[in-house]
>>> print(open('protein35.txt').read())   # compact mmCIF, C-alpha atoms
# COMPACT_ATOMS: atom_id res chain seq x y z
CA MET A 1 0.00 0.00 0.00
CA SER A 2 1.35 3.42 -0.98
CA THR A 3 2.37 5.78 1.81
CA ILE A 4 2.30 8.84 -0.47
CA LYS A 5 -0.28 11.23 0.89
CA PRO A 6 -2.58 13.08 -1.53
CA ILE A 7 -2.11 16.82 -1.92
CA LEU A 8 -4.90 18.80 -0.32
CA GLY A 9 -7.17 20.33 -2.93
CA LEU A 10 -5.73 18.38 -5.89
CA ASP A 11 -7.15 15.27 -7.51
CA ASP A 12 -6.65 12.90 -10.45
CA ALA A 13 -9.08 12.58 -13.33
CA PHE A 14 -9.60 9.38 -15.28
CA GLY A 15 -12.28 7.26 -16.91
CA HIS A 16 -15.68 8.88 -17.31
CA ARG A 17 -14.65 12.18 -15.69
CA ALA A 18 -11.67 12.66 -17.99
CA LYS A 19 -13.77 11.77 -21.02
CA ALA A 20 -16.52 14.18 -19.99
CA LEU A 21 -14.06 17.05 -19.69
CA ARG A 22 -12.48 16.37 -23.09
CA THR A 23 -15.89 16.04 -24.75
CA LEU A 24 -17.06 19.41 -23.44
CA GLN A 25 -13.70 21.00 -24.17
CA PHE A 26 -13.87 19.95 -27.83
CA LYS A 27 -17.49 21.13 -28.19
CA LEU A 28 -16.49 24.57 -26.93
CA ARG A 29 -13.41 24.57 -29.14
CA GLU A 30 -15.60 24.02 -32.20
CA ALA A 31 -17.92 26.87 -31.18
CA TYR A 32 -15.02 29.30 -30.71
CA GLU A 33 -13.33 28.28 -33.97
CA ASN A 34 -16.62 28.78 -35.84
CA ALA A 35 -16.82 32.28 -34.34
CA GLY A 36 -13.41 33.15 -35.76
CA PHE A 37 -11.33 32.73 -32.60
CA SER A 38 -7.91 31.01 -32.59
CA GLU A 39 -6.41 28.89 -29.83
CA VAL A 40 -3.40 29.96 -27.77
CA ILE A 41 -1.57 27.59 -25.40
CA PRO A 42 0.63 29.36 -22.83
CA PRO A 43 3.02 27.44 -20.52
CA ILE A 44 1.83 26.43 -17.07
CA VAL A 45 4.65 28.44 -15.46
CA GLU A 46 5.27 32.14 -15.87
CA ARG A 47 7.44 34.86 -14.40
CA PRO A 48 5.64 36.36 -11.38
CA SER A 49 6.00 39.86 -12.80
CA ALA A 50 4.06 38.84 -15.93
CA LEU A 51 1.19 37.49 -13.83
CA ASN A 52 1.06 40.57 -11.61
CA SER A 53 1.33 43.24 -14.33
CA GLY A 54 -1.91 45.17 -14.26
CA ALA A 55 -3.36 42.85 -11.63
CA GLY A 56 -1.56 44.15 -8.54
CA SER A 57 -1.95 42.02 -5.43
CA PHE A 58 -5.20 40.50 -6.61
CA LEU A 59 -3.44 37.48 -8.12
CA SER A 60 -0.27 37.40 -6.01
CA ASP A 61 -2.07 35.95 -2.98
CA GLN A 62 -3.09 32.92 -5.06
CA THR A 63 0.24 32.45 -6.84
CA ILE A 64 2.74 29.70 -5.99
CA VAL A 65 6.27 31.01 -6.57
CA PHE A 66 9.41 28.87 -6.64
CA SER A 67 13.07 29.12 -7.57
CA ASP A 68 13.91 27.47 -10.88
CA PRO A 69 16.68 24.84 -10.54
CA ALA A 70 17.72 25.62 -14.14
CA ASP A 71 18.67 29.16 -13.07
CA ALA A 72 15.81 30.99 -14.78
CA GLY A 73 15.19 32.83 -11.51
CA LEU A 74 11.82 32.96 -9.77
CA LEU A 75 8.95 31.28 -11.59
CA ALA A 76 5.25 30.94 -10.73
CA ILE A 77 2.51 28.42 -11.41
CA ARG A 78 -0.31 30.33 -13.05
CA PRO A 79 -3.47 30.90 -10.95
CA ASP A 80 -5.16 32.60 -13.90
CA MET A 81 -4.46 32.56 -17.65
CA THR A 82 -5.68 36.01 -18.69
CA PRO A 83 -2.41 37.78 -17.71
CA GLN A 84 -0.52 35.25 -19.83
CA ILE A 85 -2.69 35.97 -22.85
CA ALA A 86 -2.15 39.70 -22.27
CA ARG A 87 1.61 39.14 -22.18
CA ILE A 88 1.54 37.16 -25.44
CA VAL A 89 -0.57 39.78 -27.21
CA ALA A 90 1.70 42.59 -26.00
CA THR A 91 4.89 40.82 -27.12
CA ARG A 92 4.69 37.82 -29.46
CA LEU A 93 1.64 39.14 -31.32
CA SER A 94 2.36 42.86 -31.09
CA LYS A 95 1.94 43.47 -34.85
CA GLU A 96 -1.67 42.27 -34.88
CA GLU A 97 -4.24 45.06 -34.50
CA VAL A 98 -7.24 42.84 -33.69
CA LEU A 99 -6.91 39.46 -32.00
CA LYS A 100 -9.61 36.95 -31.09
CA LEU A 101 -8.23 34.15 -28.94
CA TYR A 102 -9.41 31.29 -26.76
CA TYR A 103 -7.62 28.93 -24.38
CA SER A 104 -8.23 25.91 -22.19
CA GLY A 105 -5.81 24.53 -19.61
CA GLN A 106 -5.04 23.84 -15.98
CA ILE A 107 -4.36 26.46 -13.35
CA MET A 108 -3.45 26.01 -9.70
CA LEU A 109 -4.35 28.16 -6.70
CA ALA A 110 -2.09 28.64 -3.72
CA ARG A 111 -5.08 28.21 -1.39
CA PRO A 112 -8.24 26.13 -1.77
CA ASP A 113 -11.28 27.81 -3.26
CA VAL A 114 -13.63 28.81 -0.44
CA ARG A 115 -16.68 27.25 -2.10
CA THR A 116 -15.27 24.03 -3.58
CA GLY A 117 -12.18 23.36 -1.47
CA SER A 118 -10.24 22.70 -4.68
CA ARG A 119 -6.91 24.23 -5.69
CA GLN A 120 -7.10 23.11 -9.31
CA GLN A 121 -9.24 24.43 -12.13
CA TRP A 122 -9.46 23.73 -15.83
CA GLN A 123 -9.76 27.31 -16.95
CA THR A 124 -11.31 27.95 -20.34
CA GLY A 125 -11.89 31.38 -21.77
CA VAL A 126 -12.15 33.83 -24.63
CA GLU A 127 -10.25 37.10 -25.06
CA CYS A 128 -10.88 39.79 -27.67
CA PHE A 129 -8.29 42.52 -28.28
CA GLY A 130 -8.45 45.69 -30.35
CA LEU A 131 -12.23 46.19 -30.44
CA GLU A 132 -13.52 49.10 -28.41
CA GLY A 133 -16.88 49.56 -26.75
CA ALA A 134 -20.00 47.68 -27.71
CA GLU A 135 -18.44 45.95 -30.74
CA GLY A 136 -16.09 43.83 -28.65
CA ASP A 137 -18.42 43.60 -25.65
CA VAL A 138 -21.33 42.23 -27.67
CA GLU A 139 -19.17 39.60 -29.38
CA VAL A 140 -17.72 38.37 -26.10
CA ILE A 141 -21.06 38.39 -24.28
CA HIS A 142 -22.57 36.43 -27.17
CA LEU A 143 -19.86 33.77 -26.88
CA ALA A 144 -20.37 33.62 -23.13
CA ALA A 145 -24.04 32.84 -23.67
CA LEU A 146 -23.20 30.35 -26.42
CA SER A 147 -20.76 28.60 -24.07
CA LEU A 148 -23.48 28.09 -21.47
CA VAL A 149 -25.88 26.73 -24.09
CA THR A 150 -23.19 24.45 -25.59
CA ALA A 151 -22.54 22.99 -22.14
CA GLY A 152 -26.24 22.16 -21.79
CA PHE A 153 -27.22 24.78 -19.22
CA LYS A 154 -30.82 25.93 -19.40
CA ASN A 155 -32.12 29.51 -19.37
CA PRO A 156 -28.75 31.32 -19.32
CA VAL A 157 -28.71 34.75 -17.70
CA LEU A 158 -25.90 37.28 -17.89
CA GLN A 159 -25.81 39.92 -15.16
CA VAL A 160 -23.87 42.97 -16.35
CA GLY A 161 -22.30 45.68 -14.20
CA HIS A 162 -19.53 48.27 -14.48
CA MET A 163 -16.49 48.79 -12.27
CA GLY A 164 -16.76 52.52 -12.88
CA ILE A 165 -19.93 52.59 -10.80
CA ILE A 166 -18.35 50.97 -7.75
CA ASN A 167 -15.23 53.14 -8.14
CA ALA A 168 -17.39 56.26 -8.26
CA LEU A 169 -19.40 55.31 -5.18
CA VAL A 170 -16.34 54.67 -2.97
CA ASP A 171 -14.26 57.58 -4.31
CA GLY A 172 -12.60 59.19 -1.29
CA SER A 173 -13.28 56.25 1.02
CA LYS A 174 -10.85 55.28 3.77
CA ALA A 175 -11.12 51.64 2.69
CA SER A 176 -9.52 50.13 -0.42
CA LEU A 177 -11.43 49.20 -3.55
CA GLU A 178 -10.59 45.56 -2.87
CA ALA A 179 -12.21 45.77 0.57
CA TRP A 180 -15.36 47.34 -0.89
CA VAL A 181 -15.63 44.76 -3.66
CA GLN A 182 -15.35 41.91 -1.16
CA LEU A 183 -18.02 43.55 0.98
CA ILE A 184 -20.44 44.21 -1.89
CA ALA A 185 -20.00 40.66 -3.21
CA ARG A 186 -21.45 39.32 0.06
CA TYR A 187 -24.80 41.11 -0.53
CA SER A 188 -25.06 41.68 3.22
CA PRO A 189 -26.75 44.97 4.26
CA GLU A 190 -25.77 44.32 7.89
CA ASP A 191 -22.06 44.05 7.09
CA LEU A 192 -22.32 47.12 4.89
CA GLU A 193 -23.86 49.25 7.65
CA ALA A 194 -20.97 48.46 9.98
CA HIS A 195 -18.57 49.58 7.27
CA LEU A 196 -20.47 52.75 6.40
CA ALA A 197 -20.61 53.89 10.03
CA SER A 198 -16.86 54.50 10.08
CA ASP A 199 -16.53 56.07 6.61
CA ASP A 200 -16.91 59.67 5.47
CA LEU A 201 -18.67 59.00 2.18
CA SER A 202 -21.53 61.29 1.19
CA SER A 203 -25.06 60.41 2.22
CA ALA A 204 -26.00 59.90 -1.46
CA ALA A 205 -23.13 57.46 -1.96
CA LYS A 206 -24.04 55.58 1.21
CA HIS A 207 -27.67 55.33 0.12
CA ALA A 208 -26.61 53.98 -3.28
CA LEU A 209 -24.26 51.45 -1.68
CA ARG A 210 -27.14 50.17 0.43
CA GLY A 211 -28.99 49.50 -2.81
CA LEU A 212 -26.02 47.52 -4.12
CA ALA A 213 -25.83 45.35 -1.01
CA SER A 214 -29.59 44.77 -1.07
CA GLY A 215 -29.63 43.47 -4.64
CA GLU A 216 -31.57 46.49 -5.96
CA ALA A 217 -28.96 47.83 -8.40
CA ASP A 218 -30.89 47.37 -11.65
CA ALA A 219 -31.60 49.83 -14.47
CA VAL A 220 -34.21 51.67 -12.38
CA TRP A 221 -31.68 52.06 -9.55
CA LEU A 222 -29.08 53.40 -11.97
CA LYS A 223 -31.36 56.06 -13.40
CA ALA A 224 -32.61 57.06 -9.93
CA ASN A 225 -29.05 57.72 -8.74
CA GLN A 226 -27.81 59.61 -11.78
CA GLY A 227 -27.07 63.25 -10.99
CA LYS A 228 -26.76 62.52 -7.24
CA ILE A 229 -23.28 60.99 -6.84
CA ASN A 230 -20.61 62.43 -9.15
CA ALA A 231 -19.68 62.75 -12.82
CA LYS A 232 -17.83 59.41 -12.75
CA PHE A 233 -20.99 57.63 -11.67
CA ASP A 234 -23.09 59.28 -14.37
CA LYS A 235 -20.59 58.36 -17.10
CA ALA A 236 -20.37 54.71 -16.01
CA ALA A 237 -24.16 54.48 -15.69
CA ASP A 238 -24.66 55.88 -19.20
CA ASN A 239 -22.12 53.40 -20.59
CA LEU A 240 -23.78 50.46 -18.86
CA LEU A 241 -27.32 51.40 -19.87
CA SER A 242 -26.25 51.90 -23.49
CA LEU A 243 -24.29 48.64 -23.61
CA VAL A 244 -27.10 46.50 -22.19
CA SER A 245 -29.61 48.10 -24.57
CA THR A 246 -27.31 47.26 -27.52
CA VAL A 247 -26.69 43.71 -26.34
CA GLN A 248 -30.37 43.06 -25.73
CA SER A 249 -31.28 44.22 -29.25
CA LYS A 250 -28.53 42.18 -30.93
CA LEU A 251 -28.95 39.00 -28.90
CA SER A 252 -32.72 39.05 -28.64
CA GLY A 253 -34.05 35.65 -27.60
CA GLU A 254 -30.61 34.03 -27.21
CA VAL A 255 -29.90 34.98 -23.61
CA ASN A 256 -31.46 37.03 -20.84
CA ILE A 257 -29.35 40.16 -20.20
CA VAL A 258 -29.97 42.11 -16.98
CA ILE A 259 -28.27 45.02 -15.26
CA ASP A 260 -26.83 44.43 -11.80
CA ALA A 261 -24.39 47.15 -10.79
CA ALA A 262 -23.31 44.98 -7.83
CA VAL A 263 -21.64 42.42 -10.12
CA THR A 264 -18.02 42.09 -9.06
CA PRO A 265 -15.18 40.40 -10.96
CA ARG A 266 -13.31 37.32 -9.80
CA PHE A 267 -10.04 39.24 -9.96
CA LEU A 268 -9.75 43.03 -9.75
CA TYR A 269 -7.88 43.66 -12.96
CA HIS A 270 -11.14 44.63 -14.68
CA ASN A 271 -11.69 48.36 -15.13
CA GLY A 272 -14.89 48.67 -17.19
CA MET A 273 -17.89 46.49 -17.99
CA VAL A 274 -18.06 43.25 -15.98
CA PHE A 275 -20.50 40.35 -16.13
CA SER A 276 -21.32 37.01 -14.56
CA GLY A 277 -23.20 34.08 -16.07
CA PHE A 278 -25.90 32.02 -14.39
CA ALA A 279 -28.34 29.32 -15.48
CA SER A 280 -31.18 27.22 -14.11
CA GLY A 281 -29.96 24.73 -11.52
CA ALA A 282 -26.74 26.61 -10.75
CA SER A 283 -26.60 28.35 -7.37
CA HIS A 284 -23.32 30.14 -8.11
CA ALA A 285 -21.89 32.12 -11.01
CA LEU A 286 -20.76 29.83 -13.85
CA LEU A 287 -18.47 32.33 -15.57
CA HIS A 288 -16.99 35.78 -15.10
CA GLY A 289 -15.85 38.36 -17.62
CA GLY A 290 -15.37 41.99 -18.49
CA ARG A 291 -13.02 44.67 -19.81
CA TYR A 292 -9.41 44.90 -18.64
CA ASP A 293 -7.81 47.56 -20.85
CA LYS A 294 -5.50 48.73 -18.04
CA MET A 295 -3.82 45.33 -17.83
CA MET A 296 -2.76 45.64 -21.45
CA ALA A 297 -1.27 49.07 -20.77
CA ALA A 298 0.68 47.58 -17.86
CA HIS A 299 2.11 44.98 -20.27
CA GLY A 300 3.32 47.79 -22.53
CA ARG A 301 0.59 47.75 -25.15
CA ASP A 302 -2.31 50.14 -24.65
CA MET A 303 -5.28 48.53 -26.42
CA PRO A 304 -8.88 47.49 -25.71
CA ALA A 305 -9.31 44.06 -24.14
CA VAL A 306 -12.39 42.13 -23.07
CA GLY A 307 -13.02 38.48 -22.27
CA PHE A 308 -14.46 35.86 -19.94
CA SER A 309 -13.42 32.58 -18.35
CA PHE A 310 -14.78 29.65 -16.38
CA ASP A 311 -13.74 26.38 -14.76
CA LEU A 312 -14.66 23.27 -16.76
CA TRP A 313 -14.39 21.06 -13.66
CA ALA A 314 -17.00 23.22 -11.90
CA TRP A 315 -19.28 23.03 -14.95
CA LEU A 316 -19.11 19.24 -14.95
CA ASP A 317 -19.92 19.15 -11.23
CA THR A 318 -22.91 21.52 -11.49
>>> encode(input="protein35.txt", output="structure tokens")
Amino acid sequence: MSTIKPILGLDDAFGHRAKALRTLQFKLREAYENAGFSEVIPPIVERPSALNSGAGSFLSDQTIVFSDPADAGLLAIRPDMTPQIARIVATRLSKEEVLKLYYSGQIMLARPDVRTGSRQQWQTGVECFGLEGAEGDVEVIHLAALSLVTAGFKNPVLQVGHMGIINALVDGSKASLEAWVQLIARYSPEDLEAHLASDDLSSAAKHALRGLASGEADAVWLKANQGKINAKFDKAADNLLSLVSTVQSKLSGEVNIVIDAAVTPRFLYHNGMVFSGFASGASHALLHGGRYDKMMAAHGRDMPAVGFSFDLWAWLDT
């Protein structure tokens, strides 16, 4: 009998489970290829600086770093593939003006996921570079909906928000954006009140934040708060309302698109539109996506970037 202990949060896949993952992976691959997207396969290890560029500390806490015995210096096992795609686009593919890419591969987290207890994911995603505004957003949102349908999920819903709204509401706060995002993501009015009591935000901003935490941040909420917070809020609200209207008209009948300004990204490298995907029978978000133009600038190439990703293992277990 083997005395080798299993690694907490990691597991083997074989038989039916391995076959199920490959089957779904190939179905999604066909859908992305038909949409004009090309596959990119980055290495499982990366330099820590490449993973952190434009992402700050949001990824570093989940990154396993080690010293390379072949003298390449410090290397890291990727906890997320989007920074790698950004690095490739900014360097290896720097002559291409518009790039439509997809990927599918393993990532590893330094700490177990709070919900699943797993440290491994089979991250699959789509990234679109060089298309500004609604043109790129609509294409990516469409593929997100198509991914859910291809996987067999029923009644897909995409909740769309905007990081500019949250940034505007907490502008001047004593707490960090990361702390606010974590708080809003809990949808807990009680926790929010304790936080607001010690902050000097305006009464209008506090009232709007209560709406976020209470799950009331729809299109009606947006319009009701315009002109009451600041110019940043009004601009982000206009962008979100316009985007959702465009998406709804172009994807009519394919997916339900709703505004929820409380949508928060999985990692805080997003700086514009963000969205999460849900479906019947799934109690948690099935995918996350949004704009991350600032990450590209941090990699040395200032260009529009939007995409989404999800964990195939989690999809199979839903």
>>> closest_residue(input="protein35.txt", among="A:Glu216, A:Ile257, A:Gly307, A:Lys174", to="Ala197 (chain A)", atoms="only C-alpha atoms")
A:Lys174
>>> closest_residue(input="protein35.txt", among="A:Val98, A:Ala55, A:Leu243, A:Arg22", to="His270 (chain A)", atoms="all atoms listed in the file")
A:Ala55
>>> residues_around(input="protein35.txt", residues="Val157 (chain A)", least_positions_apart="3", cutoff="9 Å", atoms="all atoms listed in the file", output="list of chain:residue names")
A:Ala145, A:Val255, A:Asn256, A:Ile257, A:Val258, A:Ser276, A:Gly277, A:Phe278, A:Ala279, A:Ser280
>>> write_last_selection(input="protein35.txt", atoms="C-alpha atoms", output="JSON list (two decimals), keeping the file's coordinate frame")
[["chain", "number", "residue", "atom", "x", "y", "z"],
["A", 145, "ALA", "CA", -24.04, 32.84, -23.67],
["A", 255, "VAL", "CA", -29.90, 34.98, -23.61],
["A", 256, "ASN", "CA", -31.46, 37.03, -20.84],
["A", 257, "ILE", "CA", -29.35, 40.16, -20.20],
["A", 258, "VAL", "CA", -29.97, 42.11, -16.98],
["A", 276, "SER", "CA", -21.32, 37.01, -14.56],
["A", 277, "GLY", "CA", -23.20, 34.08, -16.07],
["A", 278, "PHE", "CA", -25.90, 32.02, -14.39],
["A", 279, "ALA", "CA", -28.34, 29.32, -15.48],
["A", 280, "SER", "CA", -31.18, 27.22, -14.11]]
>>> closest_residue(input="protein35.txt", among="A:Asn52, A:Thr82, A:Gln120, A:Ser173", to="Val306 (chain A)", atoms="all atoms listed in the file")
A:Thr82
>>> closest_residue(input="protein35.txt", among="A:Cys128, A:Gly215, A:Trp122, A:Met273", to="Glu96 (chain A)", atoms="only C-alpha atoms")
A:Cys128
>>> residues_around(input="protein35.txt", residues="Glu97 (chain A)", least_positions_apart="6", cutoff="10 Å", atoms="only C-alpha atoms", output="list in words")
Val89, Phe129, Gly130, Leu131 and Met303 of chain A
>>> write_last_selection(input="protein35.txt", atoms="C-alpha atoms", output="PDB file, in the coordinates of the input")
ATOM      1  CA  VAL A  89      -0.570  39.780 -27.210  1.00  0.00           C
ATOM      2  CA  PHE A 129      -8.290  42.520 -28.280  1.00  0.00           C
ATOM      3  CA  GLY A 130      -8.450  45.690 -30.350  1.00  0.00           C
ATOM      4  CA  LEU A 131     -12.230  46.190 -30.440  1.00  0.00           C
ATOM      5  CA  MET A 303      -5.280  48.530 -26.420  1.00  0.00           C
TER       6      MET A 303
END
>>> atom_distance(input="protein35.txt", atom1="CA of Ala70 (chain A)", atom2="CA of Glu39 (chain A)")
29.0 Å
>>> atom_distance(input="protein35.txt", atom1="CA of Lys5 (chain A)", atom2="CA of Arg119 (chain A)")
16.0 Å
>>> closest_residue(input="protein35.txt", among="A:Val263, A:Gln226, A:Gly272, A:Thr318", to="His284 (chain A)", atoms="only C-alpha atoms")
A:Thr318
>>> closest_residue(input="protein35.txt", among="A:Gly300, A:Gly164, A:Gly9, A:Pro42", to="Arg115 (chain A)", atoms="all atoms listed in the file")
A:Gly9
>>> residues_around(input="protein35.txt", residues="Val160 (chain A)", least_positions_apart="3", cutoff="12 Å", atoms="only C-alpha atoms", output="ChimeraX atom specification")
/A:137-138,141,157,163,165,217-219,237,239-245,247-248,256-265,272-278,287-291
>>> residues_near_point(input="protein35.txt", point="(-20.6, 52.7, 7.4)", cutoff="12 Å", atoms="all atoms listed in the file", output="ChimeraX atom specification")
/A:170,173-175,180,183,189-203,205-207,209-210
>>> atom_distance(input="protein35.txt", atom1="CA of Leu74 (chain A)", atom2="CA of Ser176 (chain A)")
28.9 Å
>>> residues_around(input="protein35.txt", residues="Ala297 (chain A)", least_positions_apart="2", cutoff="12 Å", atoms="only C-alpha atoms", output="count of residues only")
21
>>> axis_aligned_box(input="protein35.txt", around="region 273-287 of chain A", padding_each_side="6 Å", output="lines of an AutoDock Vina configuration file")
center_x = -24.5
center_y = 35.6
center_z = -12.7
size_x = 25.3
size_y = 33.8
size_z = 22.6
>>> decode(input="protein35.txt", residues="region 94-113 of chain A", atoms="C-alpha atoms", output="PDB file, in the first residue's frame")
ATOM      1  CA  SER A  94       2.363  42.863 -31.092  1.00  0.00           C
ATOM      2  CA  LYS A  95       1.938  43.467 -34.848  1.00  0.00           C
ATOM      3  CA  GLU A  96      -1.670  42.268 -34.883  1.00  0.00           C
ATOM      4  CA  GLU A  97      -4.237  45.063 -34.500  1.00  0.00           C
ATOM      5  CA  VAL A  98      -7.238  42.844 -33.689  1.00  0.00           C
ATOM      6  CA  LEU A  99      -6.907  39.457 -32.002  1.00  0.00           C
ATOM      7  CA  LYS A 100      -9.610  36.952 -31.093  1.00  0.00           C
ATOM      8  CA  LEU A 101      -8.228  34.154 -28.935  1.00  0.00           C
ATOM      9  CA  TYR A 102      -9.411  31.288 -26.764  1.00  0.00           C
ATOM     10  CA  TYR A 103      -7.618  28.929 -24.383  1.00  0.00           C
ATOM     11  CA  SER A 104      -8.227  25.910 -22.189  1.00  0.00           C
ATOM     12  CA  GLY A 105      -5.814  24.534 -19.612  1.00  0.00           C
ATOM     13  CA  GLN A 106      -5.044  23.837 -15.981  1.00  0.00           C
ATOM     14  CA  ILE A 107      -4.365  26.462 -13.355  1.00  0.00           C
ATOM     15  CA  MET A 108      -3.446  26.007  -9.702  1.00  0.00           C
ATOM     16  CA  LEU A 109      -4.355  28.161  -6.703  1.00  0.00           C
ATOM     17  CA  ALA A 110      -2.088  28.640  -3.719  1.00  0.00           C
ATOM     18  CA  ARG A 111      -5.076  28.206  -1.391  1.00  0.00           C
ATOM     19  CA  PRO A 112      -8.242  26.127  -1.765  1.00  0.00           C
ATOM     20  CA  ASP A 113     -11.278  27.811  -3.263  1.00  0.00           C
TER      21      ASP A 113
END
